[in-house]
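Enquirer: Okay, here's the structure, questions in a sec.
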Amino acid sequence: MSPITRPVVGILDTERIVGKFYPQLASTTHAKIQITELDSERDRNFFVEIVRNDEACDTKQYVLKVCNSALQPHVLQLQLQLMFHAALAAQRPENQWVRFCIPSLILPGSMAKEYSEDKRGSEHGNDFAKYTTTETLMDGSVSLVYMLEYVAGTLMSKLRYFEPDFYYRLGAMLGSIDKEFGAVKTDVNPDSISRFPWNISYADQVVQQRVHCLDSTEKQDLVSELIKRVDFSALRNADLFPRSWIHNDANDNNVVIVSPHELCVYKDQ
């Protein structure tokens with residue numbers, strides 16, 4: 001559970017990255033690129049707006065993601081593979097009543113297409129490497145970079161009122177996505193992904209590592225004694241049970257209300 005370092009990157013760096021890896025997006029003469037930073041927890045996210053010929057109706061919007069230092073290439077490729085399957089779930093006839101969308105990926109270079117137009121991508125995770133690239137940042141570190149279409153809407157956290165059936169539809173959306181994830185074929189071992197402290201599989205290790213943070217010896221001894229009484233052995237037998245990927249983080253900052261009748265969910269970092 002090593003600390004995660006956010007990338008050191010500014011607006012000028014992102015302009016250079018867009019011009020270097022996505023030149024086709026602004027290839028039209030007199031195109032203007034406007035970049036502003038978005039909120040993020042571990043990555044650095046930038047809103048990229050490209051206006052061609054000073055016409056508001058000819059505007060394209062994207063999100064450039066510069067990934068944190070802990071994100072490994074095979075884990076990012078898995079995330080993108082899962083996005084592909086979530087997009088499949090959104091297209092299935094039985095899910096049309098839920099009405100949700102998943103952001104499309106943008107290919108770097110001259111062969112740029114969104115994967116929604118690229119035969120819905122591929123089911124093999126390694127093929128998703130083509131949607132990512134790497135860049136050396138101003139501090140000499142190297143970060144994974146990729147780009148998504150921007151989905152306009154309002155974060156769930158910003159709203160106070162929801163339609164009566166909102167939470168039912170939100171649950172149906174997550175259920176259909178997680179069901180689709182059951183078909184994902186990957187060689188990625190869940191244990192190779194960063195061990196976050198909220199993962200119950202490592203509950204005993206987290207408590208033992210942080211018991212010293214308690215402000216008195218009495219409290220530390222109490223927690224240490226309780227740990228001895230808990231049987232954590234079942235956590236070591238996780239491989240004996242059926243396992244599947246799930247979204248796992250549909251909090252109100254990861255759900256976008258596109259319209260009163262359409263949702264978009266994404267794992268923001």
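Chain labels A, B, ... are given in the sequence in which chains occur in the structure tokens; within each chain residues are numbered consecutively from 1, and ligands are likewise numbered from 1 in the order shown.
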Name the residues of range 3-218 of chain A that come out as helix (DSSP H, G or I) in a backbone DSSP run; write them as a ChimeraX atom specification.

Expert: /A:11-21,23-26,73-91,93-95,115-117,125-131,156-158,166-181,190-192,200-213,217-218

Enquirer: I'd like the contact shell of range 38-42 of chain A - 12 Å cut-off, only C-alpha atoms, skipping same-chain residues fewer than 6 positions apart - returned as a list in words.

Expert: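 That gives Pro3, Ile4, Thr5, Arg6, Pro7, Val8, Gly10, Ile11, Val48, Tyr62, Val63, Leu64, Lys65, Val66, Cys67, Asn68, Ser69, Ala70, Leu71, Tyr150, Leu155, Asn253, Asn254, Lys267, Asp268 and Gln269 of chain A.
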
Enquirer: Please compute the CA of Val258 in chain A-CA of Ala129 in chain A distance, one decimal, in Å.

Expert: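 We find that CA of Val258 in chain A and CA of Ala129 in chain A lie 28.5 Å from each other.
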
Enquirer: Just how far from CA of Phe128 in chain A is CA of Arg92 in chain A, in Å to one decimal?

Expert: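 CA of Arg92 in chain A sits 21.8 Å away from CA of Phe128 in chain A.
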
Enquirer: Rank A:Met147, A:Ile102, A:Ile17, A:Ile50 by their smallest atom-to-atom distance to Lys32 in chain A, using only C-alpha atoms, and report the top residue only.

Expert: A:Ile50

Enquirer: Excluding same-chain residues fewer than 6 positions from Glu149 in chain A, what lies within 8 Å of it counting only C-alpha atoms, as a list in words?

Expert: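 Answer for this query is Gln61, Tyr62, Val63, Pro103, Ser104, Leu105 and Ile106 of chain A.
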
Enquirer: Dump all heavy atoms for the selected residues as an mmCIF file, in the first residue's frame?

Expert:
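Below is the file result-v2.cif, written as the result:
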data_model
loop_
_atom_site.group_PDB
_atom_site.id
_atom_site.type_symbol
_atom_site.label_atom_id
_atom_site.label_comp_id
_atom_site.auth_asym_id
_atom_site.auth_seq_id
_atom_site.Cartn_x
_atom_site.Cartn_y
_atom_site.Cartn_z
ATOM 1 N N GLN A 61 -15.324 17.764 -27.627
ATOM 2 C CA GLN A 61 -14.920 17.808 -26.226
ATOM 3 C C GLN A 61 -14.406 16.454 -25.774
ATOM 4 O O GLN A 61 -15.017 15.418 -26.065
ATOM 5 C CB GLN A 61 -16.103 18.254 -25.353
ATOM 6 C CG GLN A 61 -16.599 19.655 -25.682
ATOM 7 C CD GLN A 61 -17.833 20.018 -24.893
ATOM 8 O OE1 GLN A 61 -18.687 19.187 -24.618
ATOM 9 N NE2 GLN A 61 -17.943 21.291 -24.513
ATOM 10 N N TYR A 62 -13.283 16.474 -25.048
ATOM 11 C CA TYR A 62 -12.633 15.246 -24.615
ATOM 12 C C TYR A 62 -12.116 15.406 -23.188
ATOM 13 O O TYR A 62 -12.073 16.515 -22.639
ATOM 14 C CB TYR A 62 -11.453 14.902 -25.532
ATOM 15 C CG TYR A 62 -11.804 14.863 -26.997
ATOM 16 C CD1 TYR A 62 -11.631 15.990 -27.809
ATOM 17 C CD2 TYR A 62 -12.312 13.703 -27.586
ATOM 18 C CE1 TYR A 62 -11.949 15.953 -29.157
ATOM 19 C CE2 TYR A 62 -12.632 13.660 -28.937
ATOM 20 C CZ TYR A 62 -12.457 14.791 -29.710
ATOM 21 O OH TYR A 62 -12.767 14.770 -31.054
ATOM 22 N N VAL A 63 -11.691 14.301 -22.601
ATOM 23 C CA VAL A 63 -11.012 14.312 -21.305
ATOM 24 C C VAL A 63 -9.672 13.602 -21.479
ATOM 25 O O VAL A 63 -9.630 12.436 -21.886
ATOM 26 C CB VAL A 63 -11.836 13.613 -20.207
ATOM 27 C CG1 VAL A 63 -11.019 13.525 -18.915
ATOM 28 C CG2 VAL A 63 -13.136 14.353 -19.962
ATOM 29 N N PRO A 103 -18.317 6.421 -21.657
ATOM 30 C CA PRO A 103 -17.461 7.243 -22.524
ATOM 31 C C PRO A 103 -16.654 6.392 -23.503
ATOM 32 O O PRO A 103 -16.148 5.330 -23.145
ATOM 33 C CB PRO A 103 -16.529 7.960 -21.536
ATOM 34 C CG PRO A 103 -17.219 7.884 -20.234
ATOM 35 C CD PRO A 103 -18.007 6.610 -20.237
ATOM 36 N N SER A 104 -16.547 6.863 -24.734
ATOM 37 C CA SER A 104 -15.744 6.160 -25.740
ATOM 38 C C SER A 104 -14.284 6.557 -25.614
ATOM 39 O O SER A 104 -13.949 7.664 -25.177
ATOM 40 C CB SER A 104 -16.248 6.504 -27.151
ATOM 41 O OG SER A 104 -17.532 5.985 -27.370
ATOM 42 N N LEU A 105 -13.409 5.650 -26.005
ATOM 43 C CA LEU A 105 -11.975 5.901 -26.000
ATOM 44 C C LEU A 105 -11.542 6.490 -27.338
ATOM 45 O O LEU A 105 -12.156 6.233 -28.370
ATOM 46 C CB LEU A 105 -11.216 4.593 -25.752
ATOM 47 C CG LEU A 105 -11.386 3.985 -24.366
ATOM 48 C CD1 LEU A 105 -10.935 2.536 -24.372
ATOM 49 C CD2 LEU A 105 -10.589 4.780 -23.348
ATOM 50 N N ILE A 106 -10.469 7.271 -27.302
ATOM 51 C CA ILE A 106 -9.932 7.893 -28.513
ATOM 52 C C ILE A 106 -8.547 7.306 -28.786
ATOM 53 O O ILE A 106 -7.688 7.273 -27.907
ATOM 54 C CB ILE A 106 -9.814 9.420 -28.348
ATOM 55 C CG1 ILE A 106 -11.129 10.009 -27.865
ATOM 56 C CG2 ILE A 106 -9.371 10.057 -29.657
ATOM 57 C CD1 ILE A 106 -12.301 9.788 -28.789
#

Enquirer: Set the distance at 9 Å and use only C-alpha atoms: which residues neighbour range 232-236 of chain A once local chain neighbours fewer than 6 positions away are removed? I'd like the list as a VMD selection string.

Expert: chain A and resid 200 to 204

Enquirer: Let's have the selection written as a CSV table (one decimal), in the first residue's frame, with N, CA and C atoms.

Expert:
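File produced: out37.csv:
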chain,number,residue,atom,x,y,z
A,200,ILE,N,-11.5,-5.7,1.8
A,200,ILE,CA,-11.7,-6.6,3.0
A,200,ILE,C,-10.7,-7.8,3.0
A,201,SER,N,-10.2,-8.1,1.8
A,201,SER,CA,-9.2,-9.3,1.7
A,201,SER,C,-8.0,-9.0,2.5
A,202,TYR,N,-7.7,-7.7,2.8
A,202,TYR,CA,-6.5,-7.4,3.5
A,202,TYR,C,-6.8,-6.7,4.8
A,203,ALA,N,-8.0,-7.0,5.4
A,203,ALA,CA,-8.5,-6.3,6.6
A,203,ALA,C,-7.5,-6.4,7.7
A,204,ASP,N,-7.1,-7.7,8.0
A,204,ASP,CA,-6.2,-7.9,9.1
A,204,ASP,C,-4.9,-7.2,9.0

Enquirer: If you run DSSP on this backbone, which residues of range 44-209 of chain A come out as strand (DSSP E), and could you give them as a PDB file with N, CA, C and O atoms, in the first residue's frame?

Expert:
ATOM      1  N   ARG A  44      -4.479  13.092 -12.975  1.00  0.00           N
ATOM      2  CA  ARG A  44      -4.727  14.479 -13.358  1.00  0.00           C
ATOM      3  C   ARG A  44      -5.619  14.439 -14.598  1.00  0.00           C
ATOM      4  O   ARG A  44      -5.243  13.853 -15.618  1.00  0.00           O
ATOM      5  N   ASN A  45      -6.794  15.026 -14.492  1.00  0.00           N
ATOM      6  CA  ASN A  45      -7.774  15.001 -15.577  1.00  0.00           C
ATOM      7  C   ASN A  45      -7.928  16.387 -16.169  1.00  0.00           C
ATOM      8  O   ASN A  45      -8.022  17.382 -15.435  1.00  0.00           O
ATOM      9  N   PHE A  46      -7.982  16.468 -17.508  1.00  0.00           N
ATOM     10  CA  PHE A  46      -8.073  17.750 -18.183  1.00  0.00           C
ATOM     11  C   PHE A  46      -9.193  17.722 -19.226  1.00  0.00           C
ATOM     12  O   PHE A  46      -9.293  16.793 -20.027  1.00  0.00           O
ATOM     13  N   PHE A  47     -10.023  18.758 -19.174  1.00  0.00           N
ATOM     14  CA  PHE A  47     -11.089  18.940 -20.147  1.00  0.00           C
ATOM     15  C   PHE A  47     -10.493  19.612 -21.379  1.00  0.00           C
ATOM     16  O   PHE A  47      -9.931  20.705 -21.288  1.00  0.00           O
ATOM     17  N   VAL A  48     -10.600  18.943 -22.519  1.00  0.00           N
ATOM     18  CA  VAL A  48     -10.025  19.442 -23.773  1.00  0.00           C
ATOM     19  C   VAL A  48     -11.172  19.785 -24.719  1.00  0.00           C
ATOM     20  O   VAL A  48     -11.939  18.911 -25.112  1.00  0.00           O
ATOM     21  N   GLU A  49     -11.261  21.050 -25.076  1.00  0.00           N
ATOM     22  CA  GLU A  49     -12.300  21.502 -25.996  1.00  0.00           C
ATOM     23  C   GLU A  49     -11.644  22.039 -27.258  1.00  0.00           C
ATOM     24  O   GLU A  49     -10.778  22.913 -27.191  1.00  0.00           O
ATOM     25  N   ILE A  50     -12.047  21.501 -28.392  1.00  0.00           N
ATOM     26  CA  ILE A  50     -11.485  21.904 -29.678  1.00  0.00           C
ATOM     27  C   ILE A  50     -12.574  22.572 -30.502  1.00  0.00           C
ATOM     28  O   ILE A  50     -13.583  21.952 -30.839  1.00  0.00           O
ATOM     29  N   VAL A  51     -12.360  23.849 -30.808  1.00  0.00           N
ATOM     30  CA  VAL A  51     -13.319  24.629 -31.595  1.00  0.00           C
ATOM     31  C   VAL A  51     -12.720  24.875 -32.971  1.00  0.00           C
ATOM     32  O   VAL A  51     -11.631  25.447 -33.087  1.00  0.00           O
ATOM     33  N   THR A  59     -17.710  21.970 -32.350  1.00  0.00           N
ATOM     34  CA  THR A  59     -16.884  21.827 -31.153  1.00  0.00           C
ATOM     35  C   THR A  59     -16.823  20.364 -30.725  1.00  0.00           C
ATOM     36  O   THR A  59     -17.842  19.679 -30.692  1.00  0.00           O
ATOM     37  N   LYS A  60     -15.616  19.899 -30.415  1.00  0.00           N
ATOM     38  CA  LYS A  60     -15.419  18.549 -29.899  1.00  0.00           C
ATOM     39  C   LYS A  60     -14.867  18.639 -28.487  1.00  0.00           C
ATOM     40  O   LYS A  60     -14.024  19.503 -28.198  1.00  0.00           O
ATOM     41  N   GLN A  61     -15.324  17.764 -27.627  1.00  0.00           N
ATOM     42  CA  GLN A  61     -14.920  17.808 -26.226  1.00  0.00           C
ATOM     43  C   GLN A  61     -14.406  16.454 -25.774  1.00  0.00           C
ATOM     44  O   GLN A  61     -15.017  15.418 -26.065  1.00  0.00           O
ATOM     45  N   TYR A  62     -13.283  16.474 -25.048  1.00  0.00           N
ATOM     46  CA  TYR A  62     -12.633  15.246 -24.615  1.00  0.00           C
ATOM     47  C   TYR A  62     -12.116  15.406 -23.188  1.00  0.00           C
ATOM     48  O   TYR A  62     -12.073  16.515 -22.639  1.00  0.00           O
ATOM     49  N   VAL A  63     -11.691  14.301 -22.601  1.00  0.00           N
ATOM     50  CA  VAL A  63     -11.012  14.312 -21.305  1.00  0.00           C
ATOM     51  C   VAL A  63      -9.672  13.602 -21.479  1.00  0.00           C
ATOM     52  O   VAL A  63      -9.630  12.436 -21.886  1.00  0.00           O
ATOM     53  N   LEU A  64      -8.592  14.323 -21.200  1.00  0.00           N
ATOM     54  CA  LEU A  64      -7.250  13.743 -21.230  1.00  0.00           C
ATOM     55  C   LEU A  64      -6.898  13.304 -19.820  1.00  0.00           C
ATOM     56  O   LEU A  64      -6.967  14.099 -18.879  1.00  0.00           O
ATOM     57  N   LYS A  65      -6.518  12.043 -19.670  1.00  0.00           N
ATOM     58  CA  LYS A  65      -6.173  11.510 -18.359  1.00  0.00           C
ATOM     59  C   LYS A  65      -4.676  11.210 -18.304  1.00  0.00           C
ATOM     60  O   LYS A  65      -4.165  10.423 -19.108  1.00  0.00           O
ATOM     61  N   VAL A  66      -3.992  11.844 -17.358  1.00  0.00           N
ATOM     62  CA  VAL A  66      -2.586  11.566 -17.079  1.00  0.00           C
ATOM     63  C   VAL A  66      -2.561  10.773 -15.779  1.00  0.00           C
ATOM     64  O   VAL A  66      -2.930  11.290 -14.714  1.00  0.00           O
ATOM     65  N   PHE A 100     -28.301   4.180 -20.229  1.00  0.00           N
ATOM     66  CA  PHE A 100     -27.048   4.694 -19.712  1.00  0.00           C
ATOM     67  C   PHE A 100     -25.993   4.619 -20.799  1.00  0.00           C
ATOM     68  O   PHE A 100     -26.160   3.928 -21.805  1.00  0.00           O
ATOM     69  N   CYS A 101     -24.918   5.353 -20.623  1.00  0.00           N
ATOM     70  CA  CYS A 101     -23.861   5.391 -21.629  1.00  0.00           C
ATOM     71  C   CYS A 101     -22.503   5.283 -20.953  1.00  0.00           C
ATOM     72  O   CYS A 101     -22.368   5.524 -19.754  1.00  0.00           O
ATOM     73  N   LEU A 105     -13.409   5.650 -26.005  1.00  0.00           N
ATOM     74  CA  LEU A 105     -11.975   5.901 -26.000  1.00  0.00           C
ATOM     75  C   LEU A 105     -11.542   6.490 -27.338  1.00  0.00           C
ATOM     76  O   LEU A 105     -12.156   6.233 -28.370  1.00  0.00           O
ATOM     77  N   ILE A 106     -10.469   7.271 -27.302  1.00  0.00           N
ATOM     78  CA  ILE A 106      -9.932   7.893 -28.513  1.00  0.00           C
ATOM     79  C   ILE A 106      -8.547   7.306 -28.786  1.00  0.00           C
ATOM     80  O   ILE A 106      -7.688   7.273 -27.907  1.00  0.00           O
ATOM     81  N   THR A 133      -0.761   5.577 -24.166  1.00  0.00           N
ATOM     82  CA  THR A 133       0.605   5.930 -24.513  1.00  0.00           C
ATOM     83  C   THR A 133       1.307   6.372 -23.241  1.00  0.00           C
ATOM     84  O   THR A 133       0.687   6.438 -22.170  1.00  0.00           O
ATOM     85  N   THR A 134       2.576   6.655 -23.320  1.00  0.00           N
ATOM     86  CA  THR A 134       3.327   7.119 -22.151  1.00  0.00           C
ATOM     87  C   THR A 134       3.996   8.444 -22.473  1.00  0.00           C
ATOM     88  O   THR A 134       4.322   8.735 -23.620  1.00  0.00           O
ATOM     89  N   GLU A 135       4.186   9.241 -21.441  1.00  0.00           N
ATOM     90  CA  GLU A 135       4.826  10.541 -21.624  1.00  0.00           C
ATOM     91  C   GLU A 135       5.712  10.850 -20.428  1.00  0.00           C
ATOM     92  O   GLU A 135       5.355  10.590 -19.278  1.00  0.00           O
ATOM     93  N   THR A 136       6.903  11.397 -20.718  1.00  0.00           N
ATOM     94  CA  THR A 136       7.803  11.845 -19.663  1.00  0.00           C
ATOM     95  C   THR A 136       7.399  13.250 -19.236  1.00  0.00           C
ATOM     96  O   THR A 136       7.322  14.164 -20.062  1.00  0.00           O
ATOM     97  N   VAL A 142       7.471   9.117 -15.639  1.00  0.00           N
ATOM     98  CA  VAL A 142       6.764   8.657 -16.831  1.00  0.00           C
ATOM     99  C   VAL A 142       5.352   8.240 -16.436  1.00  0.00           C
ATOM    100  O   VAL A 142       5.175   7.458 -15.495  1.00  0.00           O
ATOM    101  N   SER A 143       4.357   8.756 -17.131  1.00  0.00           N
ATOM    102  CA  SER A 143       2.956   8.452 -16.817  1.00  0.00           C
ATOM    103  C   SER A 143       2.244   7.877 -18.028  1.00  0.00           C
ATOM    104  O   SER A 143       2.543   8.229 -19.170  1.00  0.00           O
ATOM    105  N   LEU A 144       1.296   7.002 -17.745  1.00  0.00           N
ATOM    106  CA  LEU A 144       0.395   6.524 -18.783  1.00  0.00           C
ATOM    107  C   LEU A 144      -0.609   7.621 -19.106  1.00  0.00           C
ATOM    108  O   LEU A 144      -1.067   8.342 -18.218  1.00  0.00           O
ATOM    109  N   VAL A 145      -0.941   7.744 -20.382  1.00  0.00           N
ATOM    110  CA  VAL A 145      -1.856   8.778 -20.847  1.00  0.00           C
ATOM    111  C   VAL A 145      -2.892   8.152 -21.759  1.00  0.00           C
ATOM    112  O   VAL A 145      -2.566   7.288 -22.582  1.00  0.00           O
ATOM    113  N   TYR A 146      -4.145   8.568 -21.618  1.00  0.00           N
ATOM    114  CA  TYR A 146      -5.170   8.178 -22.581  1.00  0.00           C
ATOM    115  C   TYR A 146      -6.262   9.229 -22.621  1.00  0.00           C
ATOM    116  O   TYR A 146      -6.295  10.136 -21.784  1.00  0.00           O
ATOM    117  N   MET A 147      -7.137   9.125 -23.638  1.00  0.00           N
ATOM    118  CA  MET A 147      -8.156  10.142 -23.836  1.00  0.00           C
ATOM    119  C   MET A 147      -9.520   9.506 -24.027  1.00  0.00           C
ATOM    120  O   MET A 147      -9.655   8.444 -24.636  1.00  0.00           O
ATOM    121  N   LEU A 148     -10.534  10.185 -23.475  1.00  0.00           N
ATOM    122  CA  LEU A 148     -11.928   9.745 -23.563  1.00  0.00           C
ATOM    123  C   LEU A 148     -12.768  10.854 -24.180  1.00  0.00           C
ATOM    124  O   LEU A 148     -12.398  12.028 -24.135  1.00  0.00           O
ATOM    125  N   GLU A 149     -13.897  10.456 -24.713  1.00  0.00           N
ATOM    126  CA  GLU A 149     -14.865  11.487 -25.073  1.00  0.00           C
ATOM    127  C   GLU A 149     -15.412  12.098 -23.788  1.00  0.00           C
ATOM    128  O   GLU A 149     -15.480  11.443 -22.750  1.00  0.00           O
ATOM    129  N   THR A 154     -24.355  16.395 -15.244  1.00  0.00           N
ATOM    130  CA  THR A 154     -24.180  16.894 -13.882  1.00  0.00           C
ATOM    131  C   THR A 154     -23.845  15.738 -12.952  1.00  0.00           C
ATOM    132  O   THR A 154     -24.501  14.687 -12.993  1.00  0.00           O
ATOM    133  N   LEU A 155     -22.816  15.926 -12.141  1.00  0.00           N
ATOM    134  CA  LEU A 155     -22.472  14.888 -11.175  1.00  0.00           C
ATOM    135  C   LEU A 155     -23.636  14.658 -10.216  1.00  0.00           C
ATOM    136  O   LEU A 155     -24.312  15.600  -9.786  1.00  0.00           O
TER     137      LEU A 155
END
